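Enquirer: Quick one: the structure is below, and I'll ask about it shortly.
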Amino acid sequence: MKKLIRLLSTFFFLVSCSKQDLTPITVQTSNGDITYYVEVADTLPEMQKGLMNRKKLKADSGMIFIFKKDHPQPISMWMKNTFISLDMLFLDSNGKIIALVQNTTPMSERLIRPTLKPTSYVVELNAGEIKKQGIKIGDKVLY
């Protein structure tokens with residue numbers, strides 16, 4: 001019994017720790033607000049790694065890449081060493097969605113650059129989220 005209690009305590013500790021590392025973001029759509037819990041990539045090593053080598057991503061989670069907010073520029077992404085298909089939201093400095101990419105090709109080294117508009121953030125979610133939630137260009141992401 002003590003072993004089971006210790007095992008359950010360890011499990012709940014690990015679950016609560018992982019939630020602390022996530023940041024909630026809200027996507028405001030015409031269908032209502034959607035909350036995701038994302039990892040933040042705001043350093044070069046974090047951005048280079050991204051979601052590489054992941055076999056799955058929880059349904060309500062993702063990653064937000066934070067580029068130079070004060071000097072936005074066109075951004076390219078890729079799927080190198082990324083095993084799961086993703087949807088990507090490209091945002092301006094105000095969090096407005098300026099471009100969308102759906103159902104990326106896992107493991108592809110092809111550059112993804114859907115817009116030449118200055119981009120400050122990119123949000124990566126599970127493939128299918130854009131369609132499922134009705135996310136559109138012009139919607140806003142609150143971070």
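Quick note on naming: the chains in the structure tokens go A, B, ... in the order shown, residues restart at 1 in each chain, and ligands are numbered from 1 in order of appearance.
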Region 8-139 of chain A: which residues are strand (DSSP E) by DSSP, as a PyMOL selection string?
Expert: chain A and resi 23-29+32-41+61-66+86-91+97-101+121-126
Enquirer: Any chance you can output those residues with N, CA and C atoms as a compact mmCIF listing (two decimals), in the first residue's frame?
Expert:
# COMPACT_ATOMS: atom_id res chain seq x y z
N THR A 23 2.28 27.78 -20.47
CA THR A 23 1.67 29.10 -20.40
C THR A 23 0.34 29.06 -21.17
N PRO A 24 -0.74 29.55 -20.55
CA PRO A 24 -1.99 29.57 -21.30
C PRO A 24 -2.00 30.70 -22.33
N ILE A 25 -2.53 30.39 -23.50
CA ILE A 25 -2.79 31.42 -24.51
C ILE A 25 -4.26 31.26 -24.91
N THR A 26 -4.85 32.33 -25.38
CA THR A 26 -6.24 32.29 -25.81
C THR A 26 -6.32 32.72 -27.26
N VAL A 27 -6.97 31.90 -28.07
CA VAL A 27 -7.22 32.26 -29.47
C VAL A 27 -8.67 32.75 -29.53
N GLN A 28 -8.83 34.02 -29.89
CA GLN A 28 -10.17 34.60 -29.99
C GLN A 28 -10.67 34.42 -31.42
N THR A 29 -11.72 33.62 -31.58
CA THR A 29 -12.29 33.36 -32.90
C THR A 29 -13.75 33.80 -32.92
N GLY A 32 -15.83 31.74 -30.66
CA GLY A 32 -15.56 31.80 -29.22
C GLY A 32 -14.07 31.67 -28.94
N ASP A 33 -13.72 31.78 -27.69
CA ASP A 33 -12.33 31.71 -27.25
C ASP A 33 -11.91 30.26 -27.03
N ILE A 34 -10.66 29.96 -27.41
CA ILE A 34 -10.08 28.64 -27.21
C ILE A 34 -8.79 28.82 -26.43
N THR A 35 -8.62 28.06 -25.36
CA THR A 35 -7.40 28.14 -24.56
C THR A 35 -6.51 26.94 -24.85
N TYR A 36 -5.23 27.23 -25.06
CA TYR A 36 -4.21 26.20 -25.22
C TYR A 36 -3.14 26.44 -24.15
N TYR A 37 -2.47 25.39 -23.77
CA TYR A 37 -1.37 25.48 -22.81
C TYR A 37 -0.09 25.18 -23.57
N VAL A 38 0.75 26.19 -23.70
CA VAL A 38 1.90 26.08 -24.60
C VAL A 38 3.23 26.20 -23.87
N GLU A 39 4.21 25.56 -24.45
CA GLU A 39 5.60 25.77 -24.05
C GLU A 39 6.06 27.05 -24.74
N VAL A 40 6.92 27.80 -24.09
CA VAL A 40 7.43 29.05 -24.65
C VAL A 40 8.84 28.83 -25.15
N ALA A 41 9.07 29.18 -26.41
CA ALA A 41 10.42 29.13 -27.00
C ALA A 41 10.81 30.57 -27.31
N SER A 61 -2.54 21.52 -26.21
CA SER A 61 -1.22 22.10 -25.97
C SER A 61 -0.52 22.44 -27.28
N GLY A 62 0.65 23.06 -27.14
CA GLY A 62 1.44 23.44 -28.30
C GLY A 62 2.68 24.19 -27.86
N MET A 63 3.17 25.03 -28.76
CA MET A 63 4.37 25.82 -28.48
C MET A 63 4.21 27.19 -29.12
N ILE A 64 4.67 28.23 -28.41
CA ILE A 64 4.71 29.56 -28.99
C ILE A 64 6.16 29.99 -29.12
N PHE A 65 6.52 30.42 -30.32
CA PHE A 65 7.85 30.93 -30.60
C PHE A 65 7.77 32.46 -30.53
N ILE A 66 8.63 33.05 -29.73
CA ILE A 66 8.62 34.50 -29.58
C ILE A 66 9.87 35.05 -30.25
N LEU A 86 1.68 19.35 -37.71
CA LEU A 86 1.27 20.52 -36.93
C LEU A 86 0.47 21.50 -37.78
N ASP A 87 -0.29 22.35 -37.09
CA ASP A 87 -0.85 23.56 -37.67
C ASP A 87 -0.04 24.71 -37.10
N MET A 88 0.18 25.77 -37.90
CA MET A 88 0.96 26.92 -37.45
C MET A 88 0.17 28.21 -37.64
N LEU A 89 0.21 29.05 -36.61
CA LEU A 89 -0.40 30.37 -36.66
C LEU A 89 0.73 31.40 -36.64
N PHE A 90 0.82 32.25 -37.65
CA PHE A 90 1.83 33.30 -37.72
C PHE A 90 1.16 34.60 -37.28
N LEU A 91 1.77 35.28 -36.28
CA LEU A 91 1.15 36.44 -35.65
C LEU A 91 2.00 37.69 -35.80
N ILE A 97 -3.51 37.14 -36.16
CA ILE A 97 -3.08 36.08 -37.07
C ILE A 97 -2.98 36.65 -38.48
N ILE A 98 -1.77 36.55 -39.05
CA ILE A 98 -1.53 37.09 -40.40
C ILE A 98 -1.34 35.99 -41.44
N ALA A 99 -1.12 34.75 -40.98
CA ALA A 99 -0.98 33.63 -41.91
C ALA A 99 -1.23 32.33 -41.15
N LEU A 100 -1.70 31.33 -41.88
CA LEU A 100 -1.99 30.01 -41.32
C LEU A 100 -1.36 28.93 -42.19
N VAL A 101 -0.86 27.89 -41.55
CA VAL A 101 -0.36 26.71 -42.27
C VAL A 101 -1.02 25.51 -41.60
N TYR A 121 5.41 36.27 -33.65
CA TYR A 121 5.14 35.02 -32.94
C TYR A 121 4.70 33.95 -33.94
N VAL A 122 4.99 32.70 -33.61
CA VAL A 122 4.41 31.56 -34.32
C VAL A 122 3.91 30.59 -33.25
N VAL A 123 2.68 30.15 -33.40
CA VAL A 123 2.09 29.16 -32.49
C VAL A 123 1.95 27.86 -33.25
N GLU A 124 2.45 26.78 -32.66
CA GLU A 124 2.31 25.45 -33.25
C GLU A 124 1.32 24.65 -32.41
N LEU A 125 0.35 24.04 -33.11
CA LEU A 125 -0.68 23.22 -32.48
C LEU A 125 -0.77 21.90 -33.23
N ASN A 126 -1.49 20.96 -32.67
CA ASN A 126 -1.74 19.70 -33.37
C ASN A 126 -2.40 19.97 -34.71
Enquirer: Could you name the residues that touch region 72-74 of chain A at 10 Å or less, counting only C-alpha atoms, but leaving out those on the same chain fewer than 2 positions away, as a list in words?
Expert: Phe67, Lys68, Lys69, Asp70, Ser76, Phe90, Leu91, Asp92, Ser93, Arg113, Pro114, Thr115, Leu116, Lys117, Pro118, Thr119, Ser120 and Tyr121 of chain A
Enquirer: Using N, CA and C atoms, can you export the residues from the last selection as a short mmCIF file (atom, residue, chain, number, x, y, z; two decimals), in the first residue's frame?
Expert:
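As written to disk, out03.cif reads:
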data_model
loop_
_atom_site.label_atom_id
_atom_site.label_comp_id
_atom_site.auth_asym_id
_atom_site.auth_seq_id
_atom_site.Cartn_x
_atom_site.Cartn_y
_atom_site.Cartn_z
N PHE A 67 9.64 35.76 -31.35
CA PHE A 67 10.74 36.38 -32.09
C PHE A 67 10.88 37.83 -31.62
N LYS A 68 11.71 38.60 -32.24
CA LYS A 68 11.93 39.99 -31.82
C LYS A 68 10.66 40.80 -32.04
N LYS A 69 9.95 41.04 -30.93
CA LYS A 69 8.68 41.75 -31.02
C LYS A 69 8.88 43.17 -31.51
N ASP A 70 9.98 43.80 -31.12
CA ASP A 70 10.21 45.19 -31.52
C ASP A 70 10.78 45.32 -32.93
N SER A 76 10.63 31.93 -41.28
CA SER A 76 10.53 30.61 -41.91
C SER A 76 10.62 29.55 -40.82
N PHE A 90 0.82 32.25 -37.65
CA PHE A 90 1.83 33.30 -37.72
C PHE A 90 1.16 34.60 -37.28
N LEU A 91 1.77 35.28 -36.28
CA LEU A 91 1.15 36.44 -35.65
C LEU A 91 2.00 37.69 -35.80
N ASP A 92 1.33 38.85 -35.89
CA ASP A 92 2.07 40.11 -35.88
C ASP A 92 2.36 40.51 -34.44
N SER A 93 2.92 41.68 -34.23
CA SER A 93 3.33 42.11 -32.89
C SER A 93 2.16 42.34 -31.95
N ARG A 113 7.12 29.28 -45.19
CA ARG A 113 7.11 30.73 -45.10
C ARG A 113 5.85 31.23 -45.81
N PRO A 114 4.73 31.22 -45.07
CA PRO A 114 3.45 31.54 -45.72
C PRO A 114 3.20 33.03 -45.95
N THR A 115 4.05 33.88 -45.40
CA THR A 115 3.85 35.31 -45.56
C THR A 115 5.19 36.03 -45.53
N LEU A 116 5.25 37.14 -46.22
CA LEU A 116 6.43 38.01 -46.14
C LEU A 116 6.18 39.16 -45.16
N LYS A 117 4.99 39.16 -44.54
CA LYS A 117 4.68 40.19 -43.54
C LYS A 117 5.54 39.97 -42.30
N PRO A 118 5.87 41.07 -41.61
CA PRO A 118 6.63 40.94 -40.37
C PRO A 118 5.88 40.08 -39.35
N THR A 119 6.59 39.13 -38.77
CA THR A 119 6.02 38.17 -37.83
C THR A 119 6.75 38.26 -36.50
N SER A 120 5.99 38.32 -35.41
CA SER A 120 6.58 38.37 -34.07
C SER A 120 6.45 37.06 -33.31
N TYR A 121 5.41 36.27 -33.65
CA TYR A 121 5.14 35.02 -32.94
C TYR A 121 4.70 33.95 -33.94
#
Enquirer: Expressed in Å to a single decimal, how great is the separation between CA of Ser85 (chain A) and CA of Gln102 (chain A)?
Expert: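 That distance, rounded to one decimal, is 8.6 Å.
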Enquirer: Please, what distance in Å, to one decimal, runs between CA of Leu51 (chain A) and CA of Lys136 (chain A)?
Expert: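 Distance between the two atoms: 23.1 Å.
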Enquirer: DSSP on the backbone: what in region 10-142 of chain A comes out helix (DSSP H, G or I), as an MDAnalysis selection string?
Expert: chainID A and resid 10:20 44:49 129:133
Enquirer: Would you mind telling me which residue in A:Thr43, A:Thr105, A:Asn53, A:Asn31 lies nearest to Met79 (chain A) when using only C-alpha atoms?
Expert: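 Looking only at the distances to Met79 (chain A), the closest residue turns out to be A:Thr105.
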Enquirer: Give me the residues within 12 Å of Glu109 (chain A) as number ranges by chain, counting only C-alpha atoms and dropping any in the same chain fewer than 2 places off.
Expert: A: 76-82, 104-107, 111-112
Enquirer: Could you save the residues just selected, with all heavy atoms, as a compact mmCIF listing (two decimals), in the first residue's frame?
Expert:
# COMPACT_ATOMS: atom_id res chain seq x y z
N SER A 76 10.63 31.93 -41.28
CA SER A 76 10.53 30.61 -41.91
C SER A 76 10.62 29.55 -40.82
O SER A 76 11.40 29.69 -39.88
CB SER A 76 11.68 30.40 -42.90
OG SER A 76 11.60 31.30 -43.96
N MET A 77 9.83 28.50 -40.98
CA MET A 77 9.86 27.37 -40.05
C MET A 77 10.15 26.12 -40.89
O MET A 77 10.13 26.17 -42.11
CB MET A 77 8.49 27.22 -39.35
CG MET A 77 8.01 28.47 -38.63
SD MET A 77 8.95 28.89 -37.16
CE MET A 77 8.28 27.73 -35.98
N TRP A 78 10.41 24.99 -40.20
CA TRP A 78 10.53 23.71 -40.89
C TRP A 78 10.15 22.60 -39.93
O TRP A 78 9.95 22.84 -38.74
CB TRP A 78 11.89 23.51 -41.51
CG TRP A 78 13.06 23.36 -40.56
CD1 TRP A 78 13.06 23.51 -39.21
CD2 TRP A 78 14.39 23.02 -40.92
NE1 TRP A 78 14.32 23.30 -38.70
CE2 TRP A 78 15.15 22.99 -39.73
CE3 TRP A 78 15.01 22.73 -42.11
CZ2 TRP A 78 16.51 22.69 -39.72
CZ3 TRP A 78 16.36 22.43 -42.09
CH2 TRP A 78 17.10 22.42 -40.91
N MET A 79 10.07 21.39 -40.44
CA MET A 79 9.62 20.24 -39.66
C MET A 79 10.72 19.21 -39.45
O MET A 79 10.44 18.07 -39.10
CB MET A 79 8.42 19.59 -40.37
CG MET A 79 7.20 20.48 -40.45
SD MET A 79 6.49 20.82 -38.84
CE MET A 79 5.91 19.20 -38.40
N LYS A 80 11.96 19.60 -39.65
CA LYS A 80 13.08 18.67 -39.48
C LYS A 80 13.00 17.99 -38.11
O LYS A 80 12.83 18.66 -37.09
CB LYS A 80 14.41 19.42 -39.62
CG LYS A 80 15.60 18.51 -39.49
CD LYS A 80 16.90 19.25 -39.65
CE LYS A 80 18.08 18.31 -39.53
NZ LYS A 80 19.35 18.99 -39.68
N ASN A 81 13.11 16.68 -38.11
CA ASN A 81 13.09 15.86 -36.89
C ASN A 81 11.82 16.03 -36.05
O ASN A 81 11.82 15.76 -34.86
CB ASN A 81 14.32 16.14 -36.02
CG ASN A 81 15.60 15.78 -36.72
OD1 ASN A 81 15.66 14.80 -37.47
ND2 ASN A 81 16.64 16.56 -36.51
N THR A 82 10.75 16.47 -36.68
CA THR A 82 9.46 16.59 -35.99
C THR A 82 8.56 15.49 -36.51
O THR A 82 8.23 15.46 -37.69
CB THR A 82 8.84 17.99 -36.23
OG1 THR A 82 9.79 18.99 -35.85
CG2 THR A 82 7.57 18.17 -35.43
N THR A 104 1.15 20.28 -41.56
CA THR A 104 2.53 20.23 -42.06
C THR A 104 2.97 18.79 -42.26
O THR A 104 2.42 17.86 -41.67
CB THR A 104 3.49 20.92 -41.07
OG1 THR A 104 3.39 20.26 -39.80
CG2 THR A 104 3.18 22.41 -40.93
N THR A 105 4.00 18.62 -43.07
CA THR A 105 4.54 17.29 -43.36
C THR A 105 5.64 16.96 -42.36
O THR A 105 6.67 17.63 -42.32
CB THR A 105 5.12 17.26 -44.79
OG1 THR A 105 4.09 17.63 -45.70
CG2 THR A 105 5.64 15.87 -45.13
N PRO A 106 5.42 15.93 -41.52
CA PRO A 106 6.45 15.55 -40.56
C PRO A 106 7.79 15.25 -41.24
O PRO A 106 7.83 14.74 -42.36
CB PRO A 106 5.88 14.29 -39.90
CG PRO A 106 4.40 14.43 -40.07
CD PRO A 106 4.23 15.11 -41.41
N MET A 107 8.86 15.61 -40.56
CA MET A 107 10.24 15.32 -40.96
C MET A 107 10.72 16.10 -42.19
O MET A 107 11.83 15.90 -42.65
CB MET A 107 10.45 13.82 -41.17
CG MET A 107 10.03 12.96 -40.00
SD MET A 107 10.92 13.33 -38.47
CE MET A 107 12.46 12.52 -38.82
N LEU A 111 11.28 24.65 -46.27
CA LEU A 111 10.99 25.84 -45.48
C LEU A 111 9.52 26.21 -45.61
O LEU A 111 8.93 26.15 -46.68
CB LEU A 111 11.85 27.02 -45.93
CG LEU A 111 13.34 26.90 -45.59
CD1 LEU A 111 14.09 28.15 -46.06
CD2 LEU A 111 13.57 26.68 -44.11
N ILE A 112 8.93 26.58 -44.48
CA ILE A 112 7.54 27.01 -44.41
C ILE A 112 7.56 28.51 -44.18
O ILE A 112 7.99 28.99 -43.12
CB ILE A 112 6.80 26.29 -43.27
CG1 ILE A 112 6.82 24.78 -43.51
CG2 ILE A 112 5.38 26.82 -43.12
CD1 ILE A 112 6.40 23.96 -42.31
